[in-house]
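S.K.: My file is structure-v1.cif. It has mmCIF, C-alpha atoms and all ligand atoms:
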```cif
data_final
#
loop_
_atom_site.label_atom_id
_atom_site.label_comp_id
_atom_site.auth_asym_id
_atom_site.auth_seq_id
_atom_site.Cartn_x
_atom_site.Cartn_y
_atom_site.Cartn_z
CA MET T 7 25.57 29.46 -9.32
CA ASP T 8 23.39 27.40 -7.01
CA LEU T 9 19.65 27.36 -7.59
CA TYR T 10 16.97 27.30 -4.92
CA GLU T 11 15.17 24.03 -4.33
CA HIS T 12 12.00 25.35 -5.97
CA GLN T 13 13.99 26.29 -9.10
CA ALA T 14 15.57 22.84 -9.18
CA ARG T 15 12.09 21.35 -8.81
CA GLU T 16 10.91 23.43 -11.76
CA LEU T 17 13.76 22.10 -13.93
CA PHE T 18 13.03 18.51 -12.89
CA GLU T 19 9.38 19.00 -13.84
CA LYS T 20 10.34 20.55 -17.19
CA HIS T 21 12.38 17.44 -18.04
CA GLY T 22 9.66 15.00 -17.00
CA ILE T 23 10.90 13.93 -13.56
CA PRO T 24 7.91 13.43 -11.24
CA VAL T 25 7.81 16.00 -8.41
CA PRO T 26 5.13 16.80 -5.82
CA ARG T 27 2.81 19.74 -6.52
CA ALA T 28 4.28 22.82 -4.86
CA GLU T 29 4.23 26.61 -4.73
CA VAL T 30 6.52 29.29 -3.33
CA THR T 31 5.58 32.34 -1.26
CA ALA T 32 7.00 34.97 1.06
CA SER T 33 3.68 35.49 2.85
CA PRO T 34 2.32 33.35 5.73
CA GLU T 35 -1.28 34.27 4.76
CA ARG T 36 -0.63 33.10 1.24
CA ALA T 37 0.93 29.90 2.66
CA ARG T 38 -2.44 29.13 4.24
CA GLY T 39 -4.15 29.45 0.85
CA ILE T 40 -1.55 27.28 -0.87
CA ALA T 41 -1.95 24.56 1.78
CA ARG T 42 -5.71 24.67 1.24
CA ALA T 43 -5.20 24.24 -2.52
CA LEU T 44 -2.86 21.30 -1.88
CA GLY T 45 -5.59 19.55 0.10
CA GLY T 46 -4.91 20.86 3.61
CA ARG T 47 -1.76 18.99 4.65
CA ALA T 48 1.57 20.32 3.40
CA VAL T 49 5.33 20.22 3.84
CA VAL T 50 6.58 23.78 4.51
CA LYS T 51 10.21 24.19 3.41
CA ALA T 52 12.65 27.07 3.86
CA GLN T 53 14.15 28.20 0.54
CA VAL T 54 17.81 28.90 1.26
CA LYS T 55 20.93 28.04 -0.69
CA THR T 56 22.46 25.84 1.99
CA GLY T 57 22.03 22.28 3.23
CA GLY T 58 20.77 20.96 6.57
CA ARG T 59 17.45 22.78 6.42
CA GLY T 60 15.57 19.88 7.95
CA LYS T 61 17.92 19.67 10.94
CA ALA T 62 17.63 23.43 11.47
CA GLY T 63 13.83 23.19 11.69
CA GLY T 64 13.31 24.61 8.21
CA VAL T 65 11.27 21.64 6.90
CA ARG T 66 7.93 20.94 8.61
CA LEU T 67 4.98 18.72 7.88
CA VAL T 68 1.73 20.43 8.83
CA ALA T 69 -1.75 18.97 9.14
CA ASP T 70 -3.95 21.87 8.01
CA PRO T 71 -3.90 25.36 6.42
CA ALA T 72 -3.83 27.22 9.79
CA ALA T 73 -0.77 25.21 10.85
CA ALA T 74 0.80 25.92 7.44
CA GLU T 75 0.43 29.65 8.02
CA GLU T 76 1.92 29.34 11.50
CA ALA T 77 4.87 27.21 10.28
CA ALA T 78 5.50 29.59 7.38
CA ARG T 79 5.55 32.55 9.77
CA GLN T 80 8.13 30.81 11.98
CA ILE T 81 10.31 29.55 9.12
CA LEU T 82 10.26 32.92 7.33
CA GLY T 83 11.80 34.48 10.43
CA MET T 84 14.65 31.98 10.56
CA ASP T 85 18.29 32.31 9.70
CA ILE T 86 19.83 29.04 8.55
CA LYS T 87 23.63 29.06 8.71
CA GLY T 88 23.73 32.77 7.96
CA HIS T 89 21.07 32.60 5.23
CA PRO T 90 17.91 34.53 6.11
CA VAL T 91 14.83 32.71 4.88
CA GLY T 92 13.04 34.95 2.35
CA THR T 93 10.59 32.45 0.89
CA VAL T 94 9.06 29.08 1.72
CA MET T 95 7.89 26.35 -0.60
CA LEU T 96 4.76 24.42 0.28
CA ALA T 97 4.74 20.93 -1.18
CA GLU T 98 2.13 18.23 -1.31
CA PRO T 99 3.01 15.54 1.28
CA VAL T 100 3.92 12.21 -0.25
CA ASP T 101 3.54 8.79 1.35
CA ILE T 102 7.15 7.59 1.35
CA GLU T 103 8.06 3.92 1.22
CA ARG T 104 11.81 4.22 0.61
CA GLU T 105 14.32 7.07 0.18
CA PHE T 106 17.27 7.04 -2.24
CA TYR T 107 20.12 9.36 -3.15
CA VAL T 108 21.23 10.20 -6.70
CA SER T 109 23.49 12.86 -8.15
CA TYR T 110 25.64 13.66 -11.15
CA VAL T 111 28.66 15.75 -10.38
CA LEU T 112 31.64 16.94 -12.40
CA ASP T 113 34.83 15.19 -11.32
CA ARG T 114 37.35 17.78 -12.49
CA ALA T 115 40.42 15.76 -11.55
CA ALA T 116 39.26 12.72 -13.49
CA GLY T 117 37.93 14.72 -16.44
CA HIS T 118 34.51 13.10 -16.46
CA PHE T 119 31.23 13.15 -14.61
CA LEU T 120 30.43 10.87 -11.73
CA ALA T 121 27.08 9.31 -10.94
CA VAL T 122 26.78 8.94 -7.17
CA ALA T 123 23.85 6.86 -5.98
CA SER T 124 22.72 5.08 -2.86
CA ALA T 125 19.72 3.13 -1.65
CA GLU T 126 20.22 4.90 1.68
CA GLY T 127 18.87 8.35 0.89
CA GLY T 128 17.22 11.04 2.95
CA MET T 129 20.14 11.66 5.27
CA GLU T 130 23.38 13.39 4.42
CA ILE T 131 25.25 11.40 1.82
CA GLU T 132 28.62 12.43 3.30
CA GLU T 133 27.66 10.61 6.51
CA VAL T 134 26.58 7.48 4.65
CA ALA T 135 29.80 7.56 2.61
CA ALA T 136 31.92 7.92 5.75
CA GLU T 137 30.20 5.17 7.75
CA ARG T 138 29.30 2.68 5.05
CA PRO T 139 31.26 3.50 1.86
CA GLU T 140 30.02 0.27 0.23
CA ALA T 141 26.48 1.68 0.35
CA VAL T 142 27.40 4.47 -2.07
CA ALA T 143 27.95 3.60 -5.74
CA ARG T 144 30.20 5.79 -7.88
CA ILE T 145 29.98 5.23 -11.60
CA PRO T 146 32.02 7.35 -14.05
CA VAL T 147 29.97 8.94 -16.84
CA ASP T 148 31.67 9.82 -20.11
CA PRO T 149 30.37 13.29 -20.97
CA ALA T 150 30.47 12.50 -24.69
CA VAL T 151 28.14 9.51 -24.22
CA GLY T 152 26.06 10.64 -21.25
CA VAL T 153 23.62 8.53 -19.27
CA THR T 154 21.84 6.20 -21.67
CA THR T 155 19.26 3.68 -20.51
CA ALA T 156 22.07 1.09 -20.32
CA THR T 157 24.20 3.38 -18.11
CA ALA T 158 21.17 4.14 -15.93
CA VAL T 159 20.55 0.41 -15.45
CA ARG T 160 24.17 -0.01 -14.37
CA ILE T 161 23.91 2.87 -11.90
CA ALA T 162 20.65 1.53 -10.43
CA ASP T 163 22.13 -1.98 -10.16
CA ALA T 164 25.32 -0.82 -8.49
CA ALA T 165 23.44 1.27 -5.91
CA GLY T 166 20.58 -1.14 -5.31
CA LEU T 167 17.91 1.22 -6.65
CA PRO T 168 14.71 -0.32 -8.02
CA PRO T 169 14.39 -0.55 -11.85
CA GLN T 170 11.56 2.03 -11.74
CA THR T 171 14.18 4.72 -11.10
CA VAL T 172 15.97 4.16 -14.44
CA ASP T 173 13.79 6.63 -16.36
CA THR T 174 14.46 9.32 -13.74
CA LEU T 175 18.23 8.64 -13.89
CA VAL T 176 18.18 9.25 -17.66
CA ARG T 177 16.06 12.40 -17.35
CA LEU T 178 18.25 13.78 -14.57
CA TRP T 179 21.19 13.59 -16.96
CA GLN T 180 19.14 15.61 -19.47
CA VAL T 181 18.67 18.27 -16.78
CA LEU T 182 22.45 18.43 -16.30
CA VAL T 183 23.23 18.71 -20.01
CA ARG T 184 20.38 20.88 -21.28
CA GLU T 185 20.41 23.29 -18.34
CA ASP T 186 24.22 23.66 -18.27
CA ALA T 187 24.59 22.30 -14.73
CA LEU T 188 27.76 21.06 -13.03
CA LEU T 189 25.81 19.30 -10.29
CA VAL T 190 22.33 17.86 -10.04
CA GLU T 191 21.32 16.08 -6.86
CA VAL T 192 18.11 14.49 -5.67
CA ASN T 193 17.96 13.63 -1.97
CA PRO T 194 15.61 12.04 -1.38
CA LEU T 195 14.44 10.40 -4.55
CA VAL T 196 11.58 8.31 -3.19
CA ARG T 197 9.48 5.34 -3.96
CA THR T 198 5.95 6.14 -2.82
CA ALA T 199 3.59 3.73 -1.11
CA ASP T 200 1.65 3.45 -4.39
CA GLY T 201 4.80 2.54 -6.32
CA ARG T 202 5.68 5.85 -8.00
CA THR T 203 9.17 7.40 -8.15
CA MET T 204 9.38 11.05 -7.11
CA ALA T 205 12.05 13.71 -6.48
CA LEU T 206 11.30 15.32 -3.10
CA ASP T 207 14.35 17.58 -2.74
CA GLY T 208 16.74 18.87 -5.37
CA LYS T 209 19.94 20.78 -5.70
CA VAL T 210 21.27 22.17 -8.98
CA THR T 211 24.49 24.10 -9.50
CA LEU T 212 24.72 25.85 -12.86
CA ASP T 213 27.96 26.45 -14.72
CA ASP T 214 28.56 30.22 -14.41
CA ASN T 215 30.39 30.17 -17.74
CA ALA T 216 27.11 29.21 -19.41
CA LEU T 217 24.87 31.74 -17.68
CA PHE T 218 24.69 33.82 -20.86
CA ARG T 219 22.72 30.95 -22.40
CA GLN T 220 20.49 30.60 -19.35
CA ALA T 221 19.34 34.21 -19.22
CA ARG T 222 16.38 33.52 -16.92
CA TRP T 223 18.69 32.79 -13.98
CA GLY T 224 20.95 35.77 -14.73
CA ASP T 225 18.19 38.13 -13.63
CA GLU T 226 17.79 36.24 -10.40
CA ARG T 227 21.46 36.74 -9.63
CA ALA T 228 21.20 40.48 -10.17
CA ILE T 229 18.10 40.78 -7.98
CA SER T 230 19.75 39.03 -5.08
CA ALA T 231 22.78 41.36 -5.14
CA ASP T 232 23.18 44.85 -3.70
CA PRO T 233 21.02 47.25 -5.82
CA LEU T 234 24.06 49.27 -6.95
CA GLU T 235 25.90 46.07 -7.85
CA ALA T 236 22.83 44.90 -9.75
CA ARG T 237 22.73 48.17 -11.69
CA ALA T 238 26.44 47.95 -12.44
CA ALA T 239 26.12 44.29 -13.49
CA ALA T 240 23.32 45.25 -15.88
CA LYS T 241 25.77 47.69 -17.53
CA GLY T 242 28.47 45.02 -17.63
CA LEU T 243 30.70 46.84 -15.11
CA ASN T 244 33.18 45.28 -12.68
CA TYR T 245 31.79 46.94 -9.56
CA VAL T 246 31.86 45.90 -5.91
CA LYS T 247 30.14 47.96 -3.22
CA LEU T 248 32.28 48.74 -0.16
CA ASP T 249 31.31 50.65 2.95
CA GLY T 250 33.28 53.91 2.72
CA GLU T 251 32.63 57.39 1.33
CA VAL T 252 35.18 57.92 -1.46
CA GLY T 253 33.88 56.63 -4.79
CA VAL T 254 36.69 55.10 -6.87
CA VAL T 255 36.86 54.62 -10.63
CA GLY T 256 39.99 53.29 -12.30
CA ASN T 257 41.19 51.17 -15.18
CA GLY T 258 42.72 47.77 -14.48
CA ALA T 259 42.07 45.70 -11.37
CA GLY T 260 45.62 46.22 -10.04
CA LEU T 261 45.47 49.99 -10.31
CA VAL T 262 42.03 50.09 -8.70
CA MET T 263 43.17 47.85 -5.82
CA SER T 264 46.14 50.08 -5.10
CA THR T 265 43.91 53.16 -5.38
CA LEU T 266 41.72 51.69 -2.62
CA ASP T 267 44.84 51.24 -0.48
CA VAL T 268 46.03 54.77 -1.09
CA VAL T 269 42.59 56.20 -0.21
CA ALA T 270 42.66 54.18 3.02
CA GLY T 271 46.21 55.43 3.67
CA CYS T 272 44.86 59.00 3.48
CA GLY T 273 42.47 58.33 6.36
CA ALA T 274 39.29 57.85 4.29
CA ARG T 275 37.44 54.72 3.23
CA PRO T 276 36.72 53.68 -0.36
CA ALA T 277 33.00 53.37 -1.19
CA ASN T 278 33.51 50.85 -3.96
CA PHE T 279 35.79 49.01 -6.34
CA LEU T 280 35.15 49.86 -10.00
CA ASP T 281 37.42 48.73 -12.81
CA ILE T 282 36.37 50.18 -16.16
CA GLY T 283 38.90 47.88 -17.81
CA GLY T 284 41.62 48.26 -20.40
CA GLY T 285 40.47 49.97 -23.60
CA ALA T 286 37.45 51.51 -21.87
CA SER T 287 35.33 53.80 -24.01
CA ALA T 288 33.73 57.11 -23.09
CA ARG T 289 30.44 55.21 -22.73
CA VAL T 290 31.88 52.81 -20.12
CA MET T 291 33.40 55.72 -18.19
CA ALA T 292 30.08 57.56 -18.20
CA ASP T 293 28.17 54.45 -17.06
CA GLY T 294 30.71 53.75 -14.32
CA LEU T 295 30.75 57.29 -13.00
CA ALA T 296 26.94 57.37 -13.04
CA VAL T 297 26.75 54.26 -10.83
CA VAL T 298 29.35 55.60 -8.37
CA LEU T 299 27.67 59.03 -8.17
CA SER T 300 24.30 57.45 -7.47
CA ASP T 301 25.62 55.82 -4.29
CA PRO T 302 24.20 57.94 -1.44
CA ALA T 303 27.20 57.05 0.76
CA VAL T 304 29.64 58.64 -1.70
CA LYS T 305 30.91 62.09 -0.62
CA SER T 306 33.63 62.53 -3.23
CA VAL T 307 34.84 60.61 -6.27
CA LEU T 308 38.36 59.75 -7.30
CA VAL T 309 38.93 58.91 -10.97
CA ASN T 310 42.37 57.38 -11.38
CA VAL T 311 43.26 56.39 -14.92
CA PHE T 312 46.57 55.35 -16.34
CA GLY T 313 46.08 55.28 -20.09
CA GLY T 314 47.58 52.24 -21.77
CA ILE T 315 45.19 50.89 -24.35
CA THR T 316 42.66 53.31 -22.88
CA ALA T 317 43.21 56.82 -24.21
CA CYS T 318 42.85 59.55 -21.58
CA ASP T 319 40.95 61.85 -23.94
CA ALA T 320 38.25 59.14 -24.30
CA VAL T 321 38.11 58.96 -20.51
CA ALA T 322 37.74 62.76 -20.32
CA ASP T 323 34.92 62.58 -22.88
CA GLY T 324 33.24 59.94 -20.73
CA ILE T 325 33.51 62.15 -17.66
CA LEU T 326 31.89 65.05 -19.55
CA ARG T 327 29.14 62.76 -20.79
CA ALA T 328 28.46 61.57 -17.23
CA LEU T 329 28.37 65.18 -16.00
CA GLU T 330 25.65 65.93 -18.55
CA GLU T 331 23.66 62.80 -17.85
CA VAL T 332 23.87 62.67 -14.05
CA ARG T 333 24.24 66.34 -13.02
CA PRO T 334 26.36 65.46 -9.96
CA THR T 335 26.37 67.31 -6.67
CA LYS T 336 29.60 65.75 -5.37
CA PRO T 337 33.19 66.77 -6.11
CA ILE T 338 35.20 64.66 -8.54
CA VAL T 339 39.00 64.52 -8.45
CA VAL T 340 40.57 63.28 -11.68
CA ARG T 341 44.09 62.03 -12.23
CA LEU T 342 44.92 61.20 -15.83
CA ASP T 343 48.28 59.86 -16.87
CA GLY T 344 49.70 57.80 -19.74
CA ASN T 345 48.28 57.53 -23.26
CA ASN T 346 46.94 60.94 -24.43
CA ALA T 347 47.00 62.34 -20.88
CA GLY T 348 47.79 65.84 -22.14
CA ARG T 349 44.75 65.89 -24.41
CA GLY T 350 42.52 64.43 -21.72
CA ARG T 351 43.57 67.05 -19.18
CA ALA T 352 43.04 69.80 -21.74
CA VAL T 353 39.49 68.58 -22.46
CA LEU T 354 38.61 68.74 -18.75
CA ALA T 355 40.36 72.07 -18.24
CA ALA T 356 38.50 73.61 -21.18
CA HIS T 357 35.19 72.44 -19.76
CA ALA T 358 36.00 73.91 -16.32
CA HIS T 359 33.18 72.19 -14.46
CA PRO T 360 32.93 73.61 -10.92
CA LEU T 361 32.82 70.14 -9.30
CA VAL T 362 35.75 68.65 -11.23
CA GLU T 363 39.35 69.22 -10.24
CA GLN T 364 42.49 67.60 -11.57
CA ALA T 365 45.54 66.25 -9.80
CA THR T 366 48.82 65.17 -11.35
CA THR T 367 49.74 62.27 -9.07
CA MET T 368 47.84 59.35 -7.63
CA ASP T 369 48.83 60.25 -4.05
CA GLY T 370 47.85 63.87 -4.51
CA ALA T 371 44.51 62.91 -6.05
CA ALA T 372 43.74 60.45 -3.24
CA ARG T 373 44.67 62.99 -0.55
CA ARG T 374 42.40 65.59 -2.13
CA ALA T 375 39.45 63.18 -2.56
CA ALA T 376 39.86 61.94 1.03
CA ARG T 377 39.89 65.52 2.35
CA LEU T 378 36.79 66.45 0.34
CA ALA T 379 34.96 63.35 1.63
CA THR T 380 35.81 63.89 5.28
CA ALA T 381 35.05 67.63 5.10
CA ALA T 382 31.64 67.00 3.51
N1 LIG T 401 6.79 16.41 -0.13
C1 LIG T 401 7.18 15.64 0.87
N2 LIG T 401 6.39 14.70 1.36
C2 LIG T 401 6.77 13.91 2.38
N3 LIG T 401 7.94 14.00 3.01
C3 LIG T 401 8.79 14.93 2.57
C4 LIG T 401 8.47 15.81 1.50
N4 LIG T 401 9.52 16.62 1.30
C5 LIG T 401 10.44 16.27 2.20
N5 LIG T 401 10.03 15.26 2.98
C6 LIG T 401 10.78 14.59 4.05
O1 LIG T 401 11.59 15.50 4.73
C7 LIG T 401 12.96 15.11 4.65
C8 LIG T 401 13.83 16.32 4.55
O2 LIG T 401 13.43 17.08 3.42
P1 LIG T 401 14.47 17.66 2.41
O3 LIG T 401 15.33 16.57 1.89
O4 LIG T 401 13.74 18.44 1.44
O5 LIG T 401 15.29 18.65 3.33
P2 LIG T 401 16.77 18.49 3.91
O6 LIG T 401 17.46 17.38 3.21
O7 LIG T 401 16.71 18.47 5.38
O8 LIG T 401 17.34 19.81 3.53
P3 LIG T 401 18.74 20.02 2.89
O9 LIG T 401 18.60 19.52 1.50
O10 LIG T 401 18.88 21.49 3.03
O11 LIG T 401 19.73 19.23 3.72
C9 LIG T 401 13.03 14.20 3.43
O12 LIG T 401 14.10 13.30 3.51
C10 LIG T 401 11.68 13.52 3.48
O13 LIG T 401 11.73 12.43 4.36
MG MG T 402 17.38 16.69 1.27
#
```
Kindly transcribe the structure held in the file into structure tokens.
M.R.:
Amino acid sequence: MDLYEHQARELFEKHGIPVPRAEVTASPERARGIARALGGRAVVKAQVKTGGRGKAGGVRLVADPAAAEEAARQILGMDIKGHPVGTVMLAEPVDIEREFYVSYVLDRAAGHFLAVASAEGGMEIEEVAAERPEAVARIPVDPAVGVTTATAVRIADAAGLPPQTVDTLVRLWQVLVREDALLVEVNPLVRTADGRTMALDGKVTLDDNALFRQARWGDERAISADPLEARAAAKGLNYVKLDGEVGVVGNGAGLVMSTLDVVAGCGARPANFLDIGGGASARVMADGLAVVLSDPAVKSVLVNVFGGITACDAVADGILRALEEVRPTKPIVVRLDGNNAGRGRAVLAAHAHPLVEQATTMDGAARRAARLATAA
């Protein structure tokens, strides 16, 4: 998962890398206040998870708080390569003497990390690498050893960076390791007119496999998603929102995918993908059905379960639990087959809920759910 620049900045600061003072906002009025607090002048920067913001007009130096408000208003209305700008960061302007590039990136093919550094920072490193490959140093980093002061000195030497950057090179490696990142990039890392080293722009990509240890970013991911997807993710469900009207719940990704196809073949459109997984419990079924039923676009629901490890009577229990918890107003067509299907069907039949009907085949169930959705 990529982080926003302001989140990368926060991590740099946490690990002792000098960064300019800065604050994030979604409000142009607030931007004016932040600029005032920064001393009047400010750099207003679009916060989007894509590169080339500067070229797109998403990075602007302003001379006073009124201009900061105006720039924020313009930038907040922008769309940069398909990314709408939701927030801007206002940063303290720094007097730049020189700009450098540094990054650590996982080189999967080689099985180690790579330090990439150049004394020609600021612009896109791909362009520098294409035009003047000798200006870009690439030093392998053994993940078991990491970037020690000695390694950092070698990197700085190879790239032509001043010795004052060595401390930052070591700390940047700490960001990568301690924050579970696969990429950390600073472009530009600058030397200021008064001789300080500072990170003016940062990119961090976290390892998704480690997100469970970095819980603070997990929330961010959920917030940025569709609200139903966020709710499903919070319950640990494999749910993807689609734009149709037949809610679909099934077990196993393959079965759910073919259920979507069959629904489409019946002239309706699936409202979602939801795989409750092999060995799903009544609880998972109830949670899944609750999410699908809460989608206002859903007109009918198709539950298609082929019991393997999952027992159909547990699925039926889950459906009954969801009926109690959610009190649905939409029809639900259930097809149970496989492990304990007979018992599962009997549980539902005994309950005789007016909105639940059963079908014996997948095609029949899909046809019925499609008809109910289009009639509604
Ligand atoms: N706080 C600052 N003070 C002075 N100049 C800055 C500051 N922040 C950025 N700049 C200048 O603006 C340039 C572009 O900023 P930045 O690197 O953040 O955006 P970008 O590289 O265009 O965006 P992206 O990373 O999306 O490609 C920098 O190279 C630097 O010259
Ligand atoms: Mg940059």
S.K.: Give as a compact mmCIF listing (two decimals) with C-alpha atoms, in the coordinates of the input each residue that has an atom at most 10 Å from (29.1, 7.4, -19.7) in the file, counting all atoms listed in the file.
M.R.:
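Writing the result to point.txt gives the following:
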```txt
# COMPACT_ATOMS: atom_id res chain seq x y z
CA HIS T 118 34.51 13.10 -16.46
CA PHE T 119 31.23 13.15 -14.61
CA LEU T 120 30.43 10.87 -11.73
CA ALA T 121 27.08 9.31 -10.94
CA ILE T 145 29.98 5.23 -11.60
CA PRO T 146 32.02 7.35 -14.05
CA VAL T 147 29.97 8.94 -16.84
CA ASP T 148 31.67 9.82 -20.11
CA PRO T 149 30.37 13.29 -20.97
CA ALA T 150 30.47 12.50 -24.69
CA VAL T 151 28.14 9.51 -24.22
CA GLY T 152 26.06 10.64 -21.25
CA VAL T 153 23.62 8.53 -19.27
CA THR T 154 21.84 6.20 -21.67
CA ALA T 156 22.07 1.09 -20.32
CA THR T 157 24.20 3.38 -18.11
CA ALA T 158 21.17 4.14 -15.93
```
S.K.: Which residue, T:Ala125, T:Val108, T:Ala77, T:Leu206, has the smallest gap to ligand LIG 401 (chain T) when you use all atoms listed in the file?
M.R.: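 Smallest distance to ligand LIG 401 (chain T) is found for T:Leu206.
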S.K.: Have a look at T:Gly350, T:Gly128, T:Pro71, T:Pro168 and name the one nearest to T:Thr316; count only C-alpha atoms.
M.R.: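 Counting only C-alpha atoms, the residue closest to T:Thr316 is T:Gly350.
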S.K.: Between atom O11 of ligand LIG 401 (chain T) and atom CA of T:Lys51, what distance in Å does the model show, to one decimal?
M.R.: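 Between these atoms lies a distance of 10.7 Å.
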S.K.: From the set T:Asn193, T:Thr56, T:Thr211, T:Ser124, which residue has the shortest atom-to-atom contact distance to ligand MG 402 (chain T), counting all atoms listed in the file?
M.R.: T:Asn193
S.K.: Write out as a short mmCIF file (atom, residue, chain, number, x, y, z; two decimals) with C-alpha atoms, in the frame of the given file each polymer residue (protein, DNA or RNA) that has an atom no more than 10 Å from ligand MG 402 (chain T), with only C-alpha atoms and all ligand atoms counted.
M.R.:
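Result file part.cif:
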```cif
data_model
loop_
_atom_site.label_atom_id
_atom_site.label_comp_id
_atom_site.auth_asym_id
_atom_site.auth_seq_id
_atom_site.Cartn_x
_atom_site.Cartn_y
_atom_site.Cartn_z
CA GLU T 11 15.17 24.03 -4.33
CA GLY T 57 22.03 22.28 3.23
CA GLY T 58 20.77 20.96 6.57
CA ARG T 59 17.45 22.78 6.42
CA GLY T 60 15.57 19.88 7.95
CA VAL T 65 11.27 21.64 6.90
CA TYR T 107 20.12 9.36 -3.15
CA GLY T 127 18.87 8.35 0.89
CA GLY T 128 17.22 11.04 2.95
CA MET T 129 20.14 11.66 5.27
CA GLU T 130 23.38 13.39 4.42
CA ILE T 131 25.25 11.40 1.82
CA GLU T 191 21.32 16.08 -6.86
CA VAL T 192 18.11 14.49 -5.67
CA ASN T 193 17.96 13.63 -1.97
CA PRO T 194 15.61 12.04 -1.38
CA LEU T 195 14.44 10.40 -4.55
CA ALA T 205 12.05 13.71 -6.48
CA LEU T 206 11.30 15.32 -3.10
CA ASP T 207 14.35 17.58 -2.74
CA GLY T 208 16.74 18.87 -5.37
CA LYS T 209 19.94 20.78 -5.70
#
```
S.K.: Using only C-alpha atoms and all ligand atoms, pick whichever of T:Thr198, T:Ser306, T:Ser33, T:Thr174 has the shortest atom-to-atom distance to ligand LIG 401 (chain T).
M.R.: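 Under the stated criterion, the closest residue is T:Thr198.
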S.K.: How many Å lie between atom CA of T:Val94 and atom CA of T:Gly46, rounded to one decimal?
M.R.: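 These atoms are spaced 16.3 Å apart.
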